[in-house]
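Source file: run-v7.cif; contents: mmCIF, C-alpha atoms and all ligand atoms.
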```cif
data_start
#
loop_
_atom_site.label_atom_id
_atom_site.label_comp_id
_atom_site.auth_asym_id
_atom_site.auth_seq_id
_atom_site.Cartn_x
_atom_site.Cartn_y
_atom_site.Cartn_z
CA ALA A 279 17.43 157.65 -54.35
CA LEU A 280 15.77 154.50 -55.61
CA ARG A 281 17.23 152.55 -52.72
CA ALA A 282 15.89 155.12 -50.28
CA SER A 283 12.42 154.98 -51.79
CA ILE A 284 12.08 151.20 -51.72
CA ALA A 285 13.69 150.78 -48.30
CA PRO A 286 10.53 151.49 -46.26
CA ILE A 287 8.48 149.24 -48.55
CA ALA A 288 11.01 146.44 -48.23
CA GLN A 289 11.08 146.93 -44.49
CA LYS A 290 7.29 146.76 -44.30
CA ALA A 291 7.19 143.65 -46.46
CA ASN A 292 9.85 142.15 -44.27
CA GLN A 293 7.86 142.91 -41.12
CA ARG A 294 4.79 141.39 -42.70
CA SER A 295 6.61 138.24 -43.69
CA GLN A 296 8.14 137.97 -40.22
CA TYR A 297 4.64 138.28 -38.86
CA ALA A 298 3.46 135.61 -41.31
CA LEU A 299 6.24 133.37 -40.05
CA GLN A 300 4.89 133.38 -36.49
CA PRO A 301 2.75 130.28 -35.94
CA GLN A 302 -0.34 130.64 -33.72
CA ALA A 303 0.58 127.33 -32.16
CA SER A 304 3.51 124.94 -32.39
CA TYR A 305 2.24 121.54 -33.37
CA LYS A 306 4.31 119.09 -35.33
CA VAL A 307 2.62 117.02 -38.04
CA ALA A 308 4.07 114.13 -40.06
CA ILE A 309 2.70 112.71 -43.31
CA LEU A 310 3.79 109.17 -44.21
CA GLY A 311 3.32 108.67 -47.96
CA ALA A 312 3.76 112.40 -48.55
CA ALA A 313 4.88 112.21 -52.18
CA GLY A 314 1.69 110.44 -53.31
CA GLY A 315 -1.55 111.56 -54.90
CA ILE A 316 -3.07 112.38 -51.51
CA GLY A 317 0.17 113.20 -49.72
CA GLN A 318 1.16 116.16 -51.90
CA PRO A 319 -2.06 118.22 -51.80
CA LEU A 320 -2.50 117.25 -48.14
CA ALA A 321 0.99 118.58 -47.38
CA LEU A 322 0.10 121.83 -49.15
CA LEU A 323 -3.10 122.25 -47.15
CA ILE A 324 -1.36 121.50 -43.84
CA LYS A 325 1.40 123.95 -44.81
CA MET A 326 -1.34 126.62 -44.78
CA SER A 327 -2.29 125.92 -41.16
CA PRO A 328 -1.30 128.57 -38.62
CA LEU A 329 -1.38 125.88 -35.91
CA VAL A 330 1.55 123.94 -37.38
CA SER A 331 5.19 124.81 -36.71
CA ALA A 332 6.82 121.73 -38.25
CA LEU A 333 5.69 119.58 -41.16
CA ASN A 334 7.68 116.36 -41.65
CA LEU A 335 7.23 114.64 -44.99
CA TYR A 336 8.14 110.96 -45.35
CA ASP A 337 8.01 108.65 -48.35
CA ILE A 338 10.08 105.88 -49.88
CA ALA A 339 10.91 108.13 -52.88
CA ASN A 340 10.41 111.59 -54.46
CA VAL A 341 9.77 113.48 -51.24
CA LYS A 342 12.82 115.80 -51.41
CA GLY A 343 11.36 117.79 -54.27
CA VAL A 344 7.93 118.02 -52.68
CA ALA A 345 9.48 119.43 -49.49
CA ALA A 346 11.76 121.88 -51.35
CA ASP A 347 8.80 123.14 -53.34
CA LEU A 348 6.50 123.57 -50.31
CA SER A 349 9.20 125.11 -48.15
CA HIS A 350 9.11 128.27 -50.31
CA CYS A 351 5.56 129.13 -49.17
CA ASN A 352 5.77 131.90 -46.56
CA THR A 353 3.54 130.21 -44.01
CA PRO A 354 4.76 129.38 -40.50
CA SER A 355 5.71 125.72 -40.62
CA GLN A 356 9.17 124.44 -41.35
CA VAL A 357 9.07 121.63 -43.90
CA LEU A 358 11.55 118.75 -43.68
CA ASP A 359 11.89 115.68 -45.92
CA PHE A 360 12.69 112.12 -44.89
CA THR A 361 13.31 109.29 -47.37
CA GLY A 362 13.29 105.56 -46.67
CA ALA A 363 13.19 103.40 -43.56
CA SER A 364 16.47 104.71 -42.13
CA GLU A 365 15.00 108.24 -41.84
CA LEU A 366 11.55 107.26 -40.58
CA GLY A 367 12.43 107.42 -36.87
CA ASN A 368 13.75 110.97 -37.14
CA CYS A 369 10.67 112.01 -39.09
CA LEU A 370 8.44 110.89 -36.22
CA LYS A 371 10.28 112.20 -33.16
CA GLY A 372 8.18 114.70 -31.17
CA VAL A 373 5.28 114.61 -33.62
CA ASN A 374 1.74 115.41 -32.35
CA VAL A 375 -0.27 114.14 -35.32
CA VAL A 376 0.78 111.44 -37.80
CA VAL A 377 -1.23 111.07 -41.01
CA ILE A 378 -0.81 107.87 -43.03
CA PRO A 379 -1.89 107.92 -46.69
CA ALA A 380 0.89 105.47 -47.73
CA GLY A 381 -0.06 102.56 -49.94
CA VAL A 382 -1.59 101.62 -53.25
CA PRO A 383 -4.94 102.96 -54.50
CA ARG A 384 -7.69 101.07 -56.36
CA LYS A 385 -8.10 100.66 -60.10
CA PRO A 386 -11.50 100.10 -61.77
CA GLY A 387 -12.97 96.70 -60.91
CA MET A 388 -11.16 96.42 -57.55
CA THR A 389 -12.64 96.56 -54.06
CA ARG A 390 -10.81 98.28 -51.24
CA ASP A 391 -10.20 94.84 -49.73
CA ASP A 392 -8.21 93.92 -52.86
CA LEU A 393 -5.57 96.35 -51.55
CA PHE A 394 -5.18 94.42 -48.28
CA ASN A 395 -2.19 92.28 -49.26
CA ILE A 396 0.04 95.27 -50.06
CA ASN A 397 -1.29 97.94 -47.72
CA ALA A 398 -1.57 95.77 -44.59
CA ASN A 399 2.20 95.38 -44.46
CA ILE A 400 2.86 99.03 -45.23
CA VAL A 401 0.56 100.21 -42.42
CA LYS A 402 1.95 97.64 -39.98
CA THR A 403 5.56 98.74 -40.59
CA LEU A 404 4.75 102.43 -40.37
CA VAL A 405 2.70 102.09 -37.17
CA GLU A 406 5.52 100.08 -35.56
CA ALA A 407 7.74 103.10 -36.14
CA VAL A 408 5.06 105.43 -34.75
CA ALA A 409 4.88 103.24 -31.61
CA ASP A 410 8.67 103.44 -31.19
CA ASN A 411 9.07 107.16 -31.83
CA CYS A 412 5.90 109.11 -30.99
CA PRO A 413 3.56 106.81 -29.05
CA ASP A 414 1.50 109.76 -27.76
CA ALA A 415 0.63 111.12 -31.20
CA PHE A 416 -2.84 111.14 -32.73
CA ILE A 417 -2.68 108.62 -35.60
CA HIS A 418 -4.85 109.23 -38.68
CA ILE A 419 -5.11 106.19 -40.97
CA ILE A 420 -6.14 106.91 -44.57
CA SER A 421 -4.66 103.82 -46.30
CA ASN A 422 -7.29 101.34 -47.47
CA PRO A 423 -8.97 99.11 -46.59
CA VAL A 424 -9.60 101.37 -43.57
CA ASN A 425 -11.97 98.76 -42.08
CA SER A 426 -8.91 96.49 -41.69
CA THR A 427 -5.94 98.88 -41.51
CA VAL A 428 -7.24 100.57 -38.34
CA PRO A 429 -7.55 97.22 -36.49
CA ILE A 430 -4.05 96.37 -37.82
CA ALA A 431 -2.71 99.60 -36.33
CA ALA A 432 -4.46 98.89 -33.02
CA GLU A 433 -2.93 95.40 -32.81
CA VAL A 434 0.56 96.71 -33.59
CA LEU A 435 0.25 99.38 -30.91
CA LYS A 436 -1.03 96.77 -28.41
CA GLN A 437 1.92 94.50 -29.16
CA LYS A 438 4.23 97.46 -28.53
CA GLY A 439 2.39 98.20 -25.26
CA VAL A 440 1.44 101.76 -26.27
CA TYR A 441 -2.12 101.45 -27.57
CA ASP A 442 -4.38 104.35 -26.64
CA PRO A 443 -7.74 103.74 -28.37
CA LYS A 444 -8.60 107.41 -27.93
CA LYS A 445 -5.79 108.42 -30.28
CA LEU A 446 -6.21 106.04 -33.22
CA PHE A 447 -8.53 107.23 -36.01
CA GLY A 448 -9.62 105.84 -39.36
CA VAL A 449 -10.23 108.87 -41.56
CA THR A 450 -13.82 108.71 -42.85
CA THR A 451 -14.31 112.46 -43.19
CA LEU A 452 -14.57 112.07 -46.96
CA ASP A 453 -17.82 110.12 -46.52
CA VAL A 454 -19.27 112.96 -44.46
CA VAL A 455 -18.15 115.63 -46.92
CA ARG A 456 -19.60 113.67 -49.83
CA ALA A 457 -22.89 113.17 -47.98
CA ASN A 458 -23.05 116.88 -47.16
CA THR A 459 -22.36 117.85 -50.77
CA PHE A 460 -24.82 115.41 -52.36
CA VAL A 461 -27.62 116.24 -49.88
CA ALA A 462 -27.11 119.99 -50.32
CA GLN A 463 -27.27 119.59 -54.11
CA LYS A 464 -30.35 117.39 -54.02
CA LYS A 465 -32.29 119.56 -51.57
CA ASN A 466 -30.97 122.89 -52.77
CA LEU A 467 -29.54 123.77 -49.37
CA LYS A 468 -26.67 126.07 -48.47
CA LEU A 469 -23.63 123.78 -48.35
CA ILE A 470 -22.12 125.40 -45.29
CA ASP A 471 -25.21 124.54 -43.20
CA VAL A 472 -25.50 120.84 -44.08
CA ASP A 473 -24.20 118.12 -41.78
CA VAL A 474 -24.94 114.42 -42.27
CA PRO A 475 -23.45 111.91 -39.82
CA VAL A 476 -22.00 108.85 -41.57
CA VAL A 477 -21.47 105.74 -39.46
CA GLY A 478 -20.28 102.15 -39.83
CA GLY A 479 -17.08 101.74 -41.84
CA HIS A 480 -15.42 102.90 -45.03
CA ALA A 481 -16.28 100.45 -47.84
CA GLY A 482 -19.46 99.79 -49.82
CA ILE A 483 -22.49 99.00 -47.66
CA THR A 484 -20.49 99.53 -44.46
CA ILE A 485 -20.70 103.28 -45.24
CA LEU A 486 -24.03 104.28 -43.70
CA PRO A 487 -25.17 107.90 -44.03
CA LEU A 488 -27.84 108.68 -41.44
CA LEU A 489 -29.95 110.93 -43.62
CA SER A 490 -32.70 111.14 -40.99
CA LYS A 491 -30.16 112.96 -38.76
CA THR A 492 -29.30 115.58 -41.39
CA LYS A 493 -28.92 119.09 -40.05
CA PRO A 494 -30.77 121.28 -40.84
CA SER A 495 -33.74 118.95 -40.59
CA VAL A 496 -34.98 117.93 -44.06
CA SER A 497 -37.40 115.31 -45.27
CA PHE A 498 -36.56 112.82 -47.99
CA THR A 499 -38.77 110.53 -50.01
CA ASP A 500 -37.94 106.81 -49.86
CA GLU A 501 -36.51 107.06 -53.39
CA GLU A 502 -34.30 109.98 -52.39
CA VAL A 503 -32.99 108.07 -49.37
CA GLU A 504 -32.18 105.04 -51.50
CA GLN A 505 -30.56 107.08 -54.26
CA LEU A 506 -28.49 109.27 -51.92
CA THR A 507 -27.38 106.34 -49.76
CA VAL A 508 -26.21 104.32 -52.75
CA ARG A 509 -24.43 107.33 -54.28
CA ILE A 510 -22.58 108.08 -51.02
CA GLN A 511 -21.61 104.40 -50.66
CA ASN A 512 -20.32 104.27 -54.25
CA ALA A 513 -18.73 107.72 -54.40
CA GLY A 514 -15.19 106.32 -54.13
CA THR A 515 -15.90 103.98 -57.03
CA GLU A 516 -17.38 106.91 -58.99
CA VAL A 517 -13.96 108.63 -58.78
CA VAL A 518 -11.99 105.42 -59.44
CA GLU A 519 -13.97 104.86 -62.64
CA ALA A 520 -13.67 108.48 -63.77
CA LYS A 521 -9.89 108.33 -63.24
CA ALA A 522 -9.90 105.14 -65.36
CA GLY A 523 -6.80 103.48 -63.94
CA ALA A 524 -4.98 106.58 -62.70
CA GLY A 525 -5.95 106.01 -59.05
CA SER A 526 -8.70 107.03 -56.65
CA ALA A 527 -9.81 110.21 -54.89
CA THR A 528 -6.80 112.36 -54.01
CA LEU A 529 -7.89 116.02 -54.01
CA SER A 530 -11.18 115.63 -52.11
CA MET A 531 -9.36 113.18 -49.83
CA ALA A 532 -6.59 115.69 -49.14
CA TYR A 533 -9.22 118.35 -48.42
CA THR A 534 -11.02 116.12 -45.94
CA ALA A 535 -7.83 114.79 -44.32
CA ALA A 536 -6.68 118.38 -43.83
CA ARG A 537 -10.01 119.12 -42.14
CA PHE A 538 -9.50 116.17 -39.79
CA VAL A 539 -5.94 117.31 -39.01
CA GLU A 540 -7.15 120.86 -38.33
CA SER A 541 -9.91 119.51 -36.05
CA SER A 542 -7.35 117.41 -34.17
CA LEU A 543 -5.02 120.38 -33.74
CA ARG A 544 -7.86 122.60 -32.51
CA ALA A 545 -8.76 119.89 -30.00
CA LEU A 546 -5.14 119.57 -28.89
CA ASP A 547 -5.07 123.34 -28.54
CA GLY A 548 -7.99 123.30 -26.08
CA ASP A 549 -11.01 124.06 -28.29
CA GLY A 550 -13.86 122.35 -26.43
CA ASP A 551 -16.26 122.14 -29.36
CA VAL A 552 -14.70 119.78 -31.90
CA TYR A 553 -16.77 116.96 -33.36
CA GLU A 554 -15.96 114.69 -36.33
CA CYS A 555 -17.02 111.28 -37.61
CA SER A 556 -14.25 108.70 -37.53
CA PHE A 557 -13.72 104.92 -37.57
CA VAL A 558 -12.46 104.17 -34.07
CA GLN A 559 -12.52 101.60 -31.29
CA SER A 560 -16.05 101.88 -29.96
CA ASP A 561 -18.66 100.48 -27.57
CA LEU A 562 -21.61 101.96 -29.45
CA THR A 563 -22.45 98.66 -31.18
CA ASP A 564 -21.42 95.04 -30.71
CA LEU A 565 -18.50 95.59 -33.14
CA PRO A 566 -15.07 96.49 -31.69
CA PHE A 567 -14.52 99.30 -34.21
CA PHE A 568 -17.22 101.54 -35.61
CA ALA A 569 -17.39 104.93 -37.30
CA SER A 570 -19.55 107.48 -35.51
CA ARG A 571 -19.45 111.05 -34.41
CA ILE A 572 -16.89 111.61 -31.66
CA LYS A 573 -15.92 114.61 -29.57
CA LEU A 574 -12.22 115.39 -29.75
CA GLY A 575 -10.20 116.83 -26.90
CA ARG A 576 -6.61 117.27 -25.77
CA LYS A 577 -6.26 113.56 -25.02
CA GLY A 578 -7.99 112.30 -28.15
CA ILE A 579 -11.58 111.02 -28.10
CA GLU A 580 -13.43 112.67 -25.23
CA ALA A 581 -16.82 111.15 -26.02
CA TRP A 582 -18.52 108.85 -28.48
CA ILE A 583 -21.89 110.31 -29.51
CA PRO A 584 -24.57 107.61 -29.10
CA SER A 585 -27.55 109.81 -29.98
CA ASP A 586 -26.99 109.46 -33.74
CA LEU A 587 -27.76 105.74 -33.43
CA GLU A 588 -30.96 106.32 -31.48
CA GLY A 589 -34.33 106.59 -33.22
CA LEU A 590 -33.11 105.37 -36.60
CA THR A 591 -35.57 104.93 -39.44
CA GLU A 592 -36.48 101.38 -40.44
CA TYR A 593 -34.30 101.76 -43.56
CA GLU A 594 -31.29 102.86 -41.48
CA GLN A 595 -31.83 100.18 -38.82
CA LYS A 596 -31.93 97.47 -41.51
CA ALA A 597 -28.85 98.88 -43.23
CA LEU A 598 -27.04 98.98 -39.88
CA GLU A 599 -27.75 95.31 -39.23
CA ALA A 600 -26.86 94.42 -42.84
CA LEU A 601 -23.42 96.05 -42.69
CA LYS A 602 -22.31 94.34 -39.50
CA PRO A 603 -21.20 90.93 -40.89
CA GLU A 604 -18.97 92.54 -43.57
CA LEU A 605 -17.51 95.07 -41.17
CA LYS A 606 -16.89 92.39 -38.54
CA ALA A 607 -15.08 90.19 -41.08
CA SER A 608 -12.86 93.09 -42.23
CA ILE A 609 -11.97 93.97 -38.64
CA GLU A 610 -11.16 90.35 -37.82
CA LYS A 611 -9.04 90.03 -40.97
CA GLY A 612 -6.92 92.97 -39.83
CA ILE A 613 -6.50 91.66 -36.30
CA ALA A 614 -5.63 88.16 -37.54
CA PHE A 615 -3.02 89.60 -39.94
CA VAL A 616 -0.98 91.00 -37.04
CA GLN A 617 -1.62 88.17 -34.59
CA LYS A 618 -0.54 85.50 -37.10
CA GLN A 619 2.85 87.12 -37.73
CA PRO A 620 5.73 85.12 -36.23
P1 LIG B 1 -0.48 107.03 -54.43
O1 LIG B 1 0.00 105.75 -55.03
O2 LIG B 1 -0.64 108.21 -55.29
O3 LIG B 1 0.47 107.44 -53.22
C1 LIG B 1 0.85 106.55 -52.23
C2 LIG B 1 2.20 106.95 -51.71
O4 LIG B 1 2.57 106.01 -50.70
C3 LIG B 1 3.32 106.93 -52.78
O5 LIG B 1 4.01 108.15 -52.79
C4 LIG B 1 4.21 105.79 -52.33
O6 LIG B 1 5.59 106.00 -52.61
C5 LIG B 1 3.95 105.80 -50.84
N1 LIG B 1 4.36 104.56 -50.18
C6 LIG B 1 4.26 103.29 -50.62
N2 LIG B 1 4.80 102.45 -49.73
C7 LIG B 1 5.23 103.21 -48.70
C8 LIG B 1 5.89 102.93 -47.48
N3 LIG B 1 6.20 101.68 -47.12
N4 LIG B 1 6.18 103.96 -46.67
C9 LIG B 1 5.86 105.23 -47.02
N5 LIG B 1 5.26 105.55 -48.16
C10 LIG B 1 4.95 104.55 -48.99
O7 LIG B 1 -1.89 106.68 -53.69
P2 LIG B 1 -2.97 107.71 -53.12
O8 LIG B 1 -3.94 108.05 -54.17
O9 LIG B 1 -2.26 108.80 -52.40
O10 LIG B 1 -3.74 106.77 -52.06
C11 LIG B 1 -3.09 106.29 -50.92
C12 LIG B 1 -4.01 105.38 -50.10
O11 LIG B 1 -5.14 106.13 -49.58
C13 LIG B 1 -4.62 104.22 -50.88
O12 LIG B 1 -4.58 103.06 -50.08
C14 LIG B 1 -6.07 104.65 -51.07
O13 LIG B 1 -6.95 103.54 -51.23
C15 LIG B 1 -6.32 105.38 -49.78
N6 LIG B 1 -7.48 106.32 -49.79
C16 LIG B 1 -8.26 106.37 -48.68
C17 LIG B 1 -9.33 107.24 -48.63
C18 LIG B 1 -10.17 107.33 -47.39
O14 LIG B 1 -11.27 107.91 -47.44
N7 LIG B 1 -9.75 106.86 -46.25
C19 LIG B 1 -9.61 108.07 -49.72
C20 LIG B 1 -8.79 108.00 -50.84
C21 LIG B 1 -7.72 107.11 -50.87
C1 LIG B 2 -12.62 106.75 -51.43
O1 LIG B 2 -13.64 106.57 -50.77
O2 LIG B 2 -12.56 107.59 -52.36
C2 LIG B 2 -11.37 105.98 -51.09
O3 LIG B 2 -11.62 105.01 -50.13
C3 LIG B 2 -10.65 105.46 -52.28
C4 LIG B 2 -11.37 104.34 -52.97
O4 LIG B 2 -10.72 103.32 -53.24
O5 LIG B 2 -12.55 104.47 -53.27
#
```
As structure tokens, what does this structure read like?
Amino acid sequence: ALRASIAPIAQKANQRSQYALQPQASYKVAILGAAGGIGQPLALLIKMSPLVSALNLYDIANVKGVAADLSHCNTPSQVLDFTGASELGNCLKGVNVVVIPAGVPRKPGMTRDDLFNINANIVKTLVEAVADNCPDAFIHIISNPVNSTVPIAAEVLKQKGVYDPKKLFGVTTLDVVRANTFVAQKKNLKLIDVDVPVVGGHAGITILPLLSKTKPSVSFTDEEVEQLTVRIQNAGTEVVEAKAGAGSATLSMAYTAARFVESSLRALDGDGDVYECSFVQSDLTDLPFFASRIKLGRKGIEAWIPSDLEGLTEYEQKALEALKPELKASIEKGIAFVQKQP
């Protein structure tokens, strides 16, 4: 009798879980560095996406357990683990979006550029594998220093003859999310409504929030502009210091990287209204790479949005000119790193 009474319930639950197992779309996403501080929560958030049918997790160690754990969530994507260089190619085959948070994070007292010596090589090796196995994929670079690792990735892809500048992105979404949060707090605005474009790069003064372009339109005193700008530029360091040696932003980074992945998947899926800020190859300034708002489409960047850089305040215009030498040097350092290799 008991069996008979639970049978319909079990059947219903079964139907529901079968329904839950149907993805709304069938995109394949890979995370390289998936067992790390960013990689793990990012994998969890991507596992929640109804647009993903396969989630491939790669790391040099500890990724088996992460994948086993995640695979028990009854959301559509199938989770697979890949460990070490010999499994990297298989991890990348047929992938639509590759996210790279592999590498070492900062400790207090370090700049992002201090990570160059270790992370440059990691990004170079991983992007070589991307070029060989999924050259059409959108590539999201999180590993720091982003101002150099994105140019490194571009050079590697060029050398492999598969560079598509519309599909290579430095993830700077965290700067936008921080700017939105801090501005909403300061001006007592509803968070969901606030949007601040952040341009330039992703380190110190190269991070330039365009507060005059905040939506909804708000006015700031000169002191507020200075205070908010400096806080947004130093927000990464704020987290590094609070973590006191245990690394840098991981949870807010995972949240923002998941947003950028979701935006990319929506664009791939034909949504014609997807805009994000990202550090990309760009003609908007005299620098070869520059973070700005871009429109995303099925083939990557559909448009770079120049209007954010028009009609800047004097403060913003000065800050834009002031960031250029540092950003230029970081870009050139990345390019030279690949070009100088034998
Ligand atoms: P973490 O040390 O917790 O994790 C890094 C992971 O990368 C580890 O699991 C490690 O095993 C893996 N890894 C190392 N070498 C690898 C290789 N050759 N191939 C594959 N995986 C490899 O660090 P984290 O906190 O996750 O940060 C990762 C990177 O992201 C750092 O460089 C950090 O500066 C950067 N970051 C960028 C932003 C941004 O806004 N773009 C924000 C936060 C952190
Ligand atoms: C951040 O902005 O939080 C990251 O770039 C990590 C860091 O080193 O600050």
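Using only C-alpha atoms and all ligand atoms for every distance, the candidate list A:Pro328, A:Gly514, A:Pro475, A:Gly439 yields A:Gly514 as the residue closest to ligand LIG 1 (chain B).
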List as a PyMOL selection string the protein and nucleic acid residues near Leu329 in chain A, meaning an atom at most 10 Å away when all atoms listed in the file are counted, but skip any in the same chain fewer than 3 places from it. chain A and resi 300-307+324-326+332+354-355+540+543-544+547
Could you list, as a ChimeraX atom specification, all residues that come within 7 Å of ligand LIG 1 (chain B)? Count only C-alpha atoms and all ligand atoms. /A:310-317,336-339,379-384,390,393,397,400,404,420-424,448-453,480,525-528,531
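One finds CA of Gly575 in chain A at 7.3 Å from CA of Val552 in chain A.
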Closest of A:Leu366, A:Ile396, A:Pro429, A:Pro487 to Leu335 in chain A, counting all atoms listed in the file, is A:Leu366
Name the closest residue to ligand LIG 2 (chain B) among the candidates A:Ala409, A:Ala607, A:Val472, A:Met388; distances are taken between atoms, counting all atoms listed in the file.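 Among the listed residues, A:Met388 lies closest to ligand LIG 2 (chain B).
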Can you list, as an MDAnalysis selection string, every protein, DNA or RNA residue that comes within 7 Å of Val376 in chain A when you count only C-alpha atoms, leaving out same-chain residues fewer than 5 positions away? chainID A and resid 307:309 415:418
From the list A:Ala536, A:Val455, A:Cys555, A:Leu565, which residue is nearest ligand LIG 2 (chain B) when using only C-alpha atoms and all ligand atoms?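 Closest to ligand LIG 2 (chain B), using only C-alpha atoms and all ligand atoms: A:Val455.
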With 3 Å on each side, where is the centre of the axis-aligned box around all listed atoms of ligand LIG 2 (chain B), and how long are its edges in Å to one decimal, as lines of an AutoDock Vina configuration file?
```
center_x = -12.1
center_y = 105.5
center_z = -51.7
size_x = 9.0
size_y = 10.3
size_z = 9.1
```
Contacts of Leu562 in chain A at 8 Å (only C-alpha atoms; same-chain gap of 4+ positions) as a VMD selection string: chain A and resid 568 582 584
